[in-house]
$ cat query.txt   # compact mmCIF, C-alpha atoms
# COMPACT_ATOMS: atom_id res chain seq x y z
CA MET S 857 92.13 56.19 151.88
CA GLY S 858 93.41 55.08 148.50
CA LEU S 859 95.75 58.04 148.21
CA LEU S 860 97.15 57.45 151.66
CA THR S 861 97.78 53.79 150.89
CA ASN S 862 99.61 54.78 147.78
CA ILE S 863 101.80 57.20 149.63
CA LEU S 864 102.50 54.73 152.42
CA LEU S 865 103.34 52.00 149.98
CA ALA S 866 105.24 54.31 147.65
CA PRO S 867 108.61 52.68 148.23
CA PHE S 868 107.11 49.46 146.91
CA LEU S 869 104.77 50.71 144.24
CA GLY S 870 106.67 53.79 143.26
CA PRO S 871 109.44 52.30 141.20
CA ILE S 872 107.00 50.24 139.16
CA ASN S 873 104.39 52.88 138.43
CA GLY S 874 106.11 56.14 138.60
CA THR S 875 109.81 56.17 137.91
CA LYS S 876 109.77 57.01 134.25
CA TRP S 877 107.06 59.59 134.63
CA THR S 878 108.74 61.12 137.65
CA LEU S 879 112.10 61.40 135.93
CA ASP S 880 110.60 63.14 132.90
CA LYS S 881 108.76 65.50 135.11
CA VAL S 882 111.72 66.15 137.35
CA GLU S 883 113.96 66.76 134.39
CA ARG S 884 111.53 69.27 132.93
CA ALA S 885 111.08 70.98 136.28
CA VAL S 886 114.82 71.20 136.83
CA ARG S 887 115.32 72.59 133.37
CA GLU S 888 112.65 75.21 133.88
CA GLU S 889 114.11 76.11 137.23
CA LEU S 890 117.61 76.48 135.80
CA THR S 891 116.63 78.56 132.80
CA ASP S 892 114.02 80.86 134.32
CA ASP S 893 115.31 84.20 135.59
CA THR S 894 111.97 85.53 136.84
CA ALA S 895 112.74 84.76 140.47
CA VAL S 896 116.22 86.28 140.24
CA LYS S 897 114.84 89.43 138.66
CA ASN S 898 112.19 89.74 141.35
CA ASP S 899 114.80 89.32 144.06
CA PHE S 900 116.93 91.93 142.32
CA MET S 901 114.12 94.46 142.20
CA GLU S 902 113.31 93.86 145.85
CA LEU S 903 116.96 94.32 146.73
CA GLN S 904 117.07 97.65 144.91
CA MET S 905 113.89 98.72 146.64
CA LYS S 906 115.38 97.87 150.04
CA LEU S 907 118.38 100.05 149.28
CA GLU S 908 116.16 102.86 148.07
CA LEU S 909 114.10 102.69 151.27
CA GLY S 910 117.20 102.64 153.42
CA GLU S 911 116.46 99.18 154.82
CA ILE S 912 119.95 98.01 153.89
CA ASP S 913 123.21 99.90 153.50
CA ASP S 914 125.57 100.06 150.53
CA ASP S 915 127.84 97.27 151.72
CA GLU S 916 124.97 94.89 152.24
CA TYR S 917 123.55 95.86 148.86
CA LEU S 918 126.82 95.15 147.08
CA ARG S 919 127.22 91.83 148.87
CA GLN S 920 123.78 90.69 147.80
CA GLU S 921 124.10 92.17 144.33
CA ALA S 922 127.15 90.00 143.73
CA ILE S 923 125.14 86.90 144.60
CA ILE S 924 122.31 87.92 142.29
CA MET S 925 124.71 88.65 139.42
CA GLN S 926 126.14 85.17 139.82
CA ARG S 927 122.63 83.70 139.69
CA LEU S 928 121.90 85.69 136.52
CA ARG S 929 125.12 84.44 134.93
CA ASP S 930 124.22 80.88 135.90
CA VAL S 931 120.82 81.18 134.26
CA ARG S 932 122.42 82.63 131.13
CA GLU S 933 124.88 79.77 131.00
CA TRP S 934 122.17 77.15 131.35
CA ARG S 935 120.05 78.83 128.68
CA GLU S 936 122.98 78.70 126.32
CA LYS S 937 123.57 75.04 127.16
CA PHE S 938 119.95 74.26 126.32
CA GLY S 939 120.16 76.36 123.17
CA MET S 940 117.70 78.96 124.40
CA ALA S 941 117.82 82.69 123.67
CA SER S 942 119.47 84.85 126.30
CA ALA S 943 119.91 88.58 126.71
CA GLY S 944 123.25 90.32 126.44
CA GLY S 945 126.21 89.94 124.16
CA PRO S 946 126.69 91.49 120.74
CA VAL S 947 123.58 91.90 118.61
CA ARG S 948 122.63 92.83 115.10
CA VAL S 949 119.34 94.30 114.04
CA ALA S 950 117.04 91.89 112.25
CA GLY S 951 113.97 94.06 111.94
CA VAL S 952 111.63 96.18 113.94
CA ASP S 953 108.19 95.81 115.48
CA GLU S 954 106.54 99.05 116.35
CA ASP S 955 103.62 98.65 118.65
CA GLU S 956 100.94 100.70 116.94
CA SER S 957 98.53 100.74 119.85
CA ALA S 958 98.98 104.47 119.96
CA ASP S 959 97.01 105.30 123.07
CA GLU S 960 99.16 104.43 125.98
CA ARG S 961 97.00 105.76 128.73
CA ASP S 962 96.18 102.86 130.92
CA GLU S 963 93.04 103.21 132.89
CA SER S 964 93.82 100.98 135.79
CA MET Z 688 113.92 82.86 114.51
CA THR Z 689 113.65 85.29 111.64
CA GLN Z 690 116.20 85.33 108.89
CA PRO Z 691 119.01 87.80 109.37
CA VAL Z 692 118.48 90.95 107.35
CA ILE Z 693 121.99 92.22 107.69
CA GLU Z 694 124.70 89.84 106.58
CA GLU Z 695 127.63 89.01 108.77
CA SER Z 696 129.85 92.05 108.65
CA GLY Z 697 132.95 89.91 108.29
CA GLU Z 698 136.43 90.36 109.62
CA LYS Z 699 137.35 93.24 107.32
CA GLU Z 700 135.77 95.59 109.82
CA SER Z 701 138.54 97.63 111.37
CA GLY Z 702 138.22 100.13 114.20
CA PRO Z 703 138.23 99.57 117.90
CA GLY Z 704 135.68 96.80 118.07
CA GLY Z 705 132.31 96.82 119.79
CA LYS Z 706 129.94 99.71 120.31
CA TYR Z 707 127.71 100.07 123.36
CA VAL Z 708 124.55 101.97 122.33
CA TYR Z 709 122.81 104.23 124.89
CA CYS Z 710 120.15 105.98 122.86
CA ILE Z 711 119.04 107.38 119.52
CA ILE Z 712 118.68 111.12 118.89
CA ARG Z 713 118.08 113.44 115.97
CA LEU Z 714 121.38 115.07 115.03
CA ASP Z 715 123.20 115.37 111.72
CA ARG Z 716 126.69 116.29 112.86
CA SER Z 717 129.01 114.45 115.17
CA ARG Z 718 129.02 115.26 118.82
CA GLU Z 719 131.00 114.26 121.92
CA PHE Z 720 129.44 113.85 125.34
CA GLY Z 721 132.59 113.39 127.42
CA GLU Z 722 134.30 110.44 129.06
CA ILE Z 723 131.28 109.16 130.94
CA GLY Z 724 130.65 105.82 129.25
CA ILE Z 725 130.07 102.39 130.73
CA GLY Z 726 133.10 100.36 131.78
CA GLY Z 727 135.00 103.14 133.58
CA GLY Z 728 134.56 106.38 131.67
CA ALA Z 729 134.73 105.47 128.00
CA ARG Z 730 134.45 108.35 125.50
CA VAL Z 731 130.83 108.88 124.44
CA PHE Z 732 130.26 109.97 120.84
CA THR Z 733 127.81 109.61 117.95
CA VAL Z 734 127.40 107.32 114.95
CA HIS Z 735 125.25 108.72 112.14
CA HIS Z 736 122.81 107.88 109.43
CA LYS Z 737 121.12 110.82 107.69
CA ASP Z 738 119.70 113.01 110.48
CA LEU Z 739 119.71 110.27 113.11
CA ALA Z 740 122.52 109.56 115.53
CA ALA Z 741 123.22 106.71 117.90
CA VAL Z 742 125.00 107.74 121.09
CA VAL Z 743 127.68 105.12 121.69
CA SER Z 744 130.97 104.30 123.37
CA ASP Z 745 133.66 101.79 122.49
CA THR Z 746 133.46 98.50 124.31
CA PRO Z 747 134.98 95.09 124.21
CA ILE Z 748 132.49 92.43 123.12
CA VAL Z 749 131.23 91.44 126.54
CA ILE Z 750 127.97 90.87 128.35
CA TYR Z 751 127.37 93.65 130.87
CA ASP Z 752 125.90 92.55 134.18
CA PRO Z 753 123.13 94.91 135.30
CA THR Z 754 125.04 95.94 138.43
CA ARG Z 755 124.10 99.26 139.96
CA GLU Z 756 127.42 100.69 138.78
CA ASN Z 757 126.77 99.68 135.15
CA VAL Z 758 123.11 100.68 135.15
CA LEU Z 759 123.95 104.06 136.66
CA ALA Z 760 126.59 104.63 133.97
CA HIS Z 761 124.02 103.82 131.28
CA GLU Z 762 121.47 106.12 132.88
CA PHE Z 763 123.96 108.90 133.46
CA VAL Z 764 124.81 109.04 129.74
CA ASN Z 765 121.12 109.19 128.86
CA GLU Z 766 120.48 111.91 131.44
CA THR Z 767 123.35 113.93 130.03
CA VAL Z 768 122.09 113.57 126.46
CA MET Z 769 118.55 114.31 127.59
CA ARG Z 770 119.49 117.81 128.75
CA GLU Z 771 119.73 118.81 125.10
CA PHE Z 772 117.93 116.21 123.05
CA THR Z 773 114.76 114.18 122.81
CA LEU Z 774 115.97 110.61 122.90
CA ILE Z 775 114.90 107.04 122.39
CA PRO Z 776 116.62 105.01 125.11
CA MET Z 777 118.12 101.64 124.21
CA SER Z 778 117.73 98.86 126.70
CA PHE Z 779 120.61 98.27 129.07
CA GLY Z 780 123.47 96.18 127.76
CA THR Z 781 122.93 96.57 124.00
CA VAL Z 782 126.28 95.95 122.31
CA PHE Z 783 126.94 95.92 118.57
CA ARG Z 784 129.98 94.34 117.04
CA SER Z 785 130.98 97.33 114.91
CA GLU Z 786 130.14 100.88 113.87
CA LYS Z 787 128.80 99.44 110.64
CA ASP Z 788 126.25 97.34 112.55
CA VAL Z 789 125.15 100.49 114.42
CA SER Z 790 124.63 102.36 111.11
CA ALA Z 791 122.66 99.37 109.88
CA LEU Z 792 120.45 99.68 112.96
CA LEU Z 793 119.78 103.34 112.15
CA SER Z 794 119.13 102.85 108.44
CA SER Z 795 116.91 99.79 108.75
CA THR Z 796 114.75 101.36 111.48
CA TYR Z 797 114.98 104.94 110.23
CA GLN Z 798 111.25 105.33 109.72
CA ALA Z 799 110.20 103.91 113.10
CA PHE Z 800 112.83 105.89 115.01
CA THR Z 801 111.78 109.10 113.25
CA GLU Z 802 108.12 108.62 114.10
CA VAL Z 803 108.83 107.84 117.74
CA LEU Z 804 111.18 110.83 118.05
CA ASP Z 805 108.39 113.05 116.72
CA LYS Z 806 105.96 111.57 119.19
CA MET Z 807 108.34 111.89 122.14
CA GLN Z 808 109.45 115.42 121.26
CA ASP Z 809 109.83 117.36 124.52
CA LYS Z 810 108.32 114.60 126.63
CA ILE Z 811 109.88 113.30 129.81
CA GLU Z 812 109.08 110.47 132.16
CA PHE Z 813 108.56 110.46 135.91
CA GLY Z 814 108.44 107.40 138.12
CA LEU Z 815 106.09 107.17 141.05
CA LYS Z 816 106.08 104.35 143.55
CA ILE Z 817 103.67 104.40 146.46
CA LEU Z 818 104.17 102.30 149.56
CA TRP Z 819 101.85 102.01 152.48
CA ASP Z 820 102.29 101.29 156.12
CA ARG Z 821 99.97 98.33 156.71
CA ASP Z 822 99.54 98.95 160.43
CA LYS Z 823 98.58 102.57 159.96
CA VAL Z 824 96.17 101.74 157.17
CA VAL Z 825 94.54 99.04 159.28
CA ALA Z 826 94.23 101.47 162.17
CA SER Z 827 92.61 104.08 159.96
CA LEU Z 828 90.23 101.49 158.52
CA GLU Z 829 89.20 100.47 162.02
CA GLU Z 830 88.35 104.08 162.70
CA GLN Z 831 86.24 104.44 159.61
CA ASN Z 832 84.62 101.06 159.33
CA ASP Z 833 81.95 100.43 161.96
CA GLU Z 834 81.66 96.75 161.30
CA ILE Z 835 85.38 96.10 161.69
CA ARG Z 836 85.40 98.09 164.92
CA ARG Z 837 82.37 96.28 166.30
CA LEU Z 838 83.76 92.85 165.50
CA LYS Z 839 87.12 93.72 166.96
CA ASP Z 840 85.56 95.02 170.17
CA GLU Z 841 83.55 91.89 170.47
CA ILE Z 842 86.59 89.67 170.06
CA THR Z 843 88.58 91.67 172.59
CA ARG Z 844 85.74 91.67 175.10
CA ASN Z 845 85.19 87.93 174.93
CA ALA Z 846 88.78 86.99 174.39
CA ALA Z 847 88.31 83.55 175.89
CA SER Z 848 85.11 82.63 174.18
CA SER Z 849 85.52 84.48 170.91
CA THR Z 850 85.35 82.02 168.14
CA TYR Z 851 87.78 81.14 165.48
CA PHE Z 852 84.96 82.06 163.17
CA ALA Z 853 84.72 85.64 164.39
CA ARG Z 854 88.44 86.11 164.02
CA MET Z 855 88.37 84.75 160.53
CA GLN Z 856 85.50 87.00 159.64
CA LEU Z 857 87.43 89.99 160.96
CA GLY Z 858 90.49 88.98 158.93
CA ARG Z 859 88.42 88.76 155.80
CA LEU Z 860 86.75 92.10 156.42
CA VAL Z 861 90.09 93.81 156.97
CA GLU Z 862 91.60 92.21 153.84
CA ALA Z 863 88.67 93.36 151.71
CA ALA Z 864 88.74 96.85 153.18
CA MET Z 865 92.49 97.07 152.56
CA GLU Z 866 92.13 96.08 148.95
CA GLU Z 867 89.34 98.58 148.51
CA ALA Z 868 91.46 101.28 150.15
CA SER Z 869 94.45 100.48 147.95
CA ASN Z 870 92.32 100.76 144.81
CA ARG Z 871 90.86 104.02 146.05
CA TYR Z 872 94.29 105.58 146.77
CA VAL Z 873 95.66 104.48 143.40
CA ALA Z 874 92.62 105.76 141.52
CA ASP Z 875 92.81 109.06 143.37
CA VAL Z 876 96.49 109.54 142.51
CA HIS Z 877 95.85 108.71 138.85
CA GLU Z 878 92.96 111.15 138.78
CA ALA Z 879 95.06 113.90 140.33
CA LEU Z 880 97.89 113.45 137.82
CA LYS Z 881 95.82 112.84 134.73
CA GLU Z 882 95.47 116.46 133.72
CA CYS Z 883 99.17 117.27 133.72
CA SER Z 884 100.45 114.06 132.11
CA VAL Z 885 100.21 112.70 128.58
CA ALA Z 886 100.13 109.01 129.44
CA SER Z 887 100.69 106.64 132.31
CA ARG Z 888 101.70 103.04 132.69
CA SER Z 889 101.44 100.79 135.72
CA ASN Z 890 104.16 98.25 136.29
CA LYS Z 891 104.16 95.29 138.62
CA VAL Z 892 104.51 96.24 142.27
CA ILE Z 893 107.68 95.18 144.08
CA GLY Z 894 107.53 93.66 147.54
CA ASP Z 895 104.49 93.60 149.80
CA ARG Z 896 104.35 97.24 150.87
CA MET Z 897 104.00 98.75 147.40
CA ILE Z 898 100.57 99.58 146.04
CA LEU Z 899 101.57 101.54 142.94
CA ASN Z 900 104.57 101.35 140.61
CA ALA Z 901 103.80 103.70 137.75
CA ALA Z 902 105.47 105.78 135.09
CA PHE Z 903 104.04 109.03 133.77
CA LEU Z 904 104.83 110.69 130.46
CA VAL Z 905 104.83 114.45 130.88
CA ASP Z 906 105.25 117.35 128.51
CA ARG Z 907 108.27 119.43 129.48
CA LYS Z 908 106.08 122.52 129.74
CA ASP Z 909 103.90 120.74 132.33
CA GLU Z 910 106.83 119.58 134.45
CA LYS Z 911 106.20 122.18 137.14
CA SER Z 912 102.48 121.53 137.47
CA PHE Z 913 103.04 117.76 137.51
CA ASP Z 914 105.63 118.23 140.22
CA ASP Z 915 103.28 120.41 142.28
CA LYS Z 916 100.46 117.92 141.88
CA VAL Z 917 102.60 114.99 143.07
CA LYS Z 918 103.69 116.97 146.11
CA GLU Z 919 100.15 118.07 146.88
CA THR Z 920 98.87 114.49 146.65
CA SER Z 921 101.68 113.12 148.77
CA ARG Z 922 100.90 115.70 151.46
CA LYS Z 923 97.28 114.68 151.41
CA TYR Z 924 98.25 111.10 152.27
CA GLU Z 925 101.39 111.73 154.27
CA ASP Z 926 100.13 109.87 157.34
CA LEU Z 927 99.41 106.66 155.45
CA LEU Z 928 101.48 106.51 152.29
CA THR Z 929 105.09 106.98 151.27
CA PHE Z 930 105.65 108.48 147.82
CA LYS Z 931 108.87 107.64 145.96
CA TYR Z 932 109.07 110.08 143.14
CA THR Z 933 111.91 110.00 140.56
CA GLY Z 934 112.83 111.69 137.32
CA PRO Z 935 112.92 113.25 134.89
CA TRP Z 936 113.85 110.15 132.93
CA PRO Z 937 114.00 109.44 129.22
CA PRO Z 938 110.70 107.83 128.19
CA TYR Z 939 111.83 104.28 129.04
CA ASN Z 940 108.28 103.05 129.59
CA PHE Z 941 106.65 104.70 126.60
CA VAL Z 942 108.79 103.80 123.64
CA ASN Z 943 107.20 100.81 122.00
CA ILE Z 944 109.75 99.98 119.37
CA LYS Z 945 110.65 96.35 119.79
CA LEU Z 946 113.87 95.80 117.93
CA LYS Z 947 114.32 92.32 116.65
CA LEU Z 948 117.89 91.81 117.62
CA GLU Z 949 119.76 88.65 116.98
CA LYS Z 950 123.07 87.37 118.21
CA ALA Z 951 126.03 88.52 116.18
CA THR Z 952 128.47 85.73 116.73

$ encode --input "query.txt" --output "C-alpha cells"
Amino acid sequence: MGLLTNILLAPFLGPINGTKWTLDKVERAVREELTDDTAVKNDFMELQMKLELGEIDDDEYLRQEAIIMQRLRDVREWREKFGMASAGGPVRVAGVDEDESADERDES
Amino acid sequence: MTQPVIEESGEKESGPGGKYVYCIIRLDRSREFGEIGIGGGARVFTVHHKDLAAVVSDTPIVIYDPTRENVLAHEFVNETVMREFTLIPMSFGTVFRSEKDVSALLSSTYQAFTEVLDKMQDKIEFGLKILWDRDKVVASLEEQNDEIRRLKDEITRNAASSTYFARMQLGRLVEAAMEEASNRYVADVHEALKECSVASRSNKVIGDRMILNAAFLVDRKDEKSFDDKVKETSRKYEDLLTFKYTGPWPPYNFVNIKLKLEKAT
C-alpha cells in the first residue's frame, strides 16, 4: 500500500524527496548508455548472421550496416567527450601481456 | 594508463604517413603481397626487425569502421599471407603513425611474437557455428520423452478444462529437455572433433537459434580428417541442426598476446 501511495502521490512528493537522486542516477544511466557499445556490437553480429543465413539480402545488409556504423561512431565520439578509451585511430606499442595460461582447450 | 615506452616519434618522420598492420610473420627479407590492402587496393608490403616482419600497407591516419568491405579486405590480406606463412593476426583497424612505430612494435615484442609463432607453426583455425530449428527439436523431444508426450496429450484431450498449471508444467519440461538436448549436441560435437584438433574455444552465441559458436585450432596435417569429421557429424544431425563451417582462418581465437597499445596523438 505504501509503495502505491508513493507512486500515486509522486508528483507531490517526488520533487522534494527524489529530484537530486533521480538526476544523478539518470545522468549516470545516460552516460553509460551513450558510451557502451555492447548493444551495438550484438546487433552487428546478429546482422552479419542474418546475412550469412540468407535471411536478408545484400542491399538490406548494407542499409542496416550504415546505421550500425553511425551508432558505433556516436559511441566513440561520446567516449572521447567523456575522456574514456576508445578503439581505433593511430596507436603506439606500450608493452605486451602474454597470457601464459598455455592450455587453451576449453572443456565446455 | 601505463607510461609510454616509446617516445613520441616527432615530426621528423618522413615517408608516406600511417601504416595499417595486418599480421606478423617470420621473414628476414622484404616481400610484396600485391595491391590488395584496405582502403581500395593499397600496396601490401613488409616492415622488418631481425627475422620478424609486419605485413602492412600505407594509410592515412584514420579510424576504420568495421564495415564488411573493410573487414573483408583485412581478412583477404591475411588469407593471402597465410598461404605461405604462419602468422599472428593483428586485430582489425590497427594503425601506426609511421614505419618507425611499426619497427618499435616488432622490437619491443620480439620475444613474445617469436614464442607465439613457434607455437602456432602450421596451425590453422576453423569456425563452427551450430544452429537449431526449435520446432523440429521440440517435435523430436516429444517423440522421445514420454512425460512430455503424455502431458501434451492430456492437455489436447481436455482442451477446455486443462489447467494453466498443466500448460506451465509442460512448458517447463520442454525448456529443460531443450537445454539438456543442446548440451548433449554440443558435447557430442566437441567429442567428435577433439581427436583431430589441438584446441577449441567457445564464443558467445549470436541470436536465439545458435547453440554453438566455436573456434578450433587444427594442425595443417589434420585438416582433412577434421574436415571429414565435421561433415560426418553434420550428416548425423542434418534433420535437426544446421552447421556453419568456415575456414581455414589465421588463429584469431588462439593468439593470446595482448598488446598494450596507446593512442599516438

$ interface_residues --input "query.txt" --of "chain Z" --to "chain S" --cutoff "8 Å" --atoms "only C-alpha atoms" --output "PyMOL selection string"
chain Z and resi 689-693+705+748-754+780-784+788+791-792+795-796+799+874+885-889+893-894+941+943-952

$ atom_distance --input "query.txt" --atom1 "atom CA of Glu866 of chain Z" --atom2 "atom CA of Tyr924 of chain Z"
16.6 Å

$ closest_residue --input "query.txt" --among "Z:Ile712, Z:Leu904, Z:Gly814, Z:Pro747" --to "Phe732 of chain Z" --atoms "all atoms listed in the file"
Z:Ile712

$ atom_distance --input "query.txt" --atom1 "atom CA of Lys823 of chain Z" --atom2 "atom CA of Leu928 of chain Z"
9.1 Å

$ atom_distance --input "query.txt" --atom1 "atom CA of Lys931 of chain Z" --atom2 "atom CA of Lys911 of chain Z"
17.2 Å

$ closest_residue --input "query.txt" --among "Z:Tyr851, Z:Ala901, Z:Asp738, Z:Ile842" --to "Ser794 of chain Z" --atoms "all atoms listed in the file"
Z:Asp738

$ closest_residue --input "query.txt" --among "Z:Leu804, Z:Ile711, Z:Ile898, Z:Val825" --to "Val873 of chain Z" --atoms "only C-alpha atoms"
Z:Ile898

$ closest_residue --input "query.txt" --among "Z:Val942, Z:Ala864, Z:Cys883, Z:Val892" --to "Glu834 of chain Z" --atoms "all atoms listed in the file"
Z:Ala864

$ residues_around --input "query.txt" --residues "Ala868 of chain Z" --least-positions-apart "5" --cutoff "9 Å" --atoms "all atoms listed in the file" --output "list of chain:residue names"
Z:Val824, Z:Leu828, Z:Ala863, Z:Val873

$ build_atoms --input "query.txt" --residues "segment 935-952 of chain Z" --atoms "N, CA and C atoms" --output "short mmCIF file (atom, residue, chain, number, x, y, z; two decimals), in the frame of the given file"
data_model
loop_
_atom_site.label_atom_id
_atom_site.label_comp_id
_atom_site.auth_asym_id
_atom_site.auth_seq_id
_atom_site.Cartn_x
_atom_site.Cartn_y
_atom_site.Cartn_z
N PRO Z 935 113.43 113.75 136.17
CA PRO Z 935 112.92 113.25 134.89
C PRO Z 935 113.81 112.18 134.25
N TRP Z 936 113.17 111.21 133.65
CA TRP Z 936 113.85 110.15 132.93
C TRP Z 936 113.58 110.28 131.43
N PRO Z 937 114.41 109.62 130.62
CA PRO Z 937 114.00 109.44 129.22
C PRO Z 937 112.76 108.53 129.22
N PRO Z 938 111.99 108.55 128.16
CA PRO Z 938 110.70 107.83 128.19
C PRO Z 938 110.85 106.31 128.10
N TYR Z 939 111.57 105.73 129.06
CA TYR Z 939 111.83 104.28 129.04
C TYR Z 939 110.55 103.45 128.88
N ASN Z 940 109.49 103.88 129.56
CA ASN Z 940 108.28 103.05 129.59
C ASN Z 940 107.30 103.35 128.46
N PHE Z 941 107.64 104.30 127.60
CA PHE Z 941 106.65 104.70 126.60
C PHE Z 941 107.12 104.55 125.16
N VAL Z 942 108.31 104.05 124.99
CA VAL Z 942 108.79 103.80 123.64
C VAL Z 942 108.50 102.35 123.31
N ASN Z 943 107.68 102.17 122.27
CA ASN Z 943 107.20 100.81 122.00
C ASN Z 943 107.89 100.13 120.84
N ILE Z 944 109.04 100.67 120.45
CA ILE Z 944 109.75 99.98 119.37
C ILE Z 944 110.36 98.71 119.95
N LYS Z 945 109.99 97.59 119.37
CA LYS Z 945 110.65 96.35 119.79
C LYS Z 945 111.61 95.97 118.68
N LEU Z 946 112.88 96.17 118.94
CA LEU Z 946 113.87 95.80 117.93
C LEU Z 946 114.01 94.30 117.92
N LYS Z 947 114.00 93.75 116.73
CA LYS Z 947 114.32 92.32 116.65
C LYS Z 947 115.83 92.24 116.54
N LEU Z 948 116.44 91.91 117.64
CA LEU Z 948 117.89 91.81 117.62
C LEU Z 948 118.28 90.35 117.64
N GLU Z 949 119.32 90.03 116.95
CA GLU Z 949 119.76 88.65 116.98
C GLU Z 949 121.23 88.63 117.36
N LYS Z 950 121.68 87.49 117.80
CA LYS Z 950 123.07 87.37 118.21
C LYS Z 950 124.00 87.57 117.03
N ALA Z 951 125.00 88.40 117.20
CA ALA Z 951 126.03 88.52 116.18
C ALA Z 951 127.21 87.74 116.71
N THR Z 952 127.43 86.59 116.15
CA THR Z 952 128.47 85.73 116.73
C THR Z 952 129.79 85.88 115.99
#
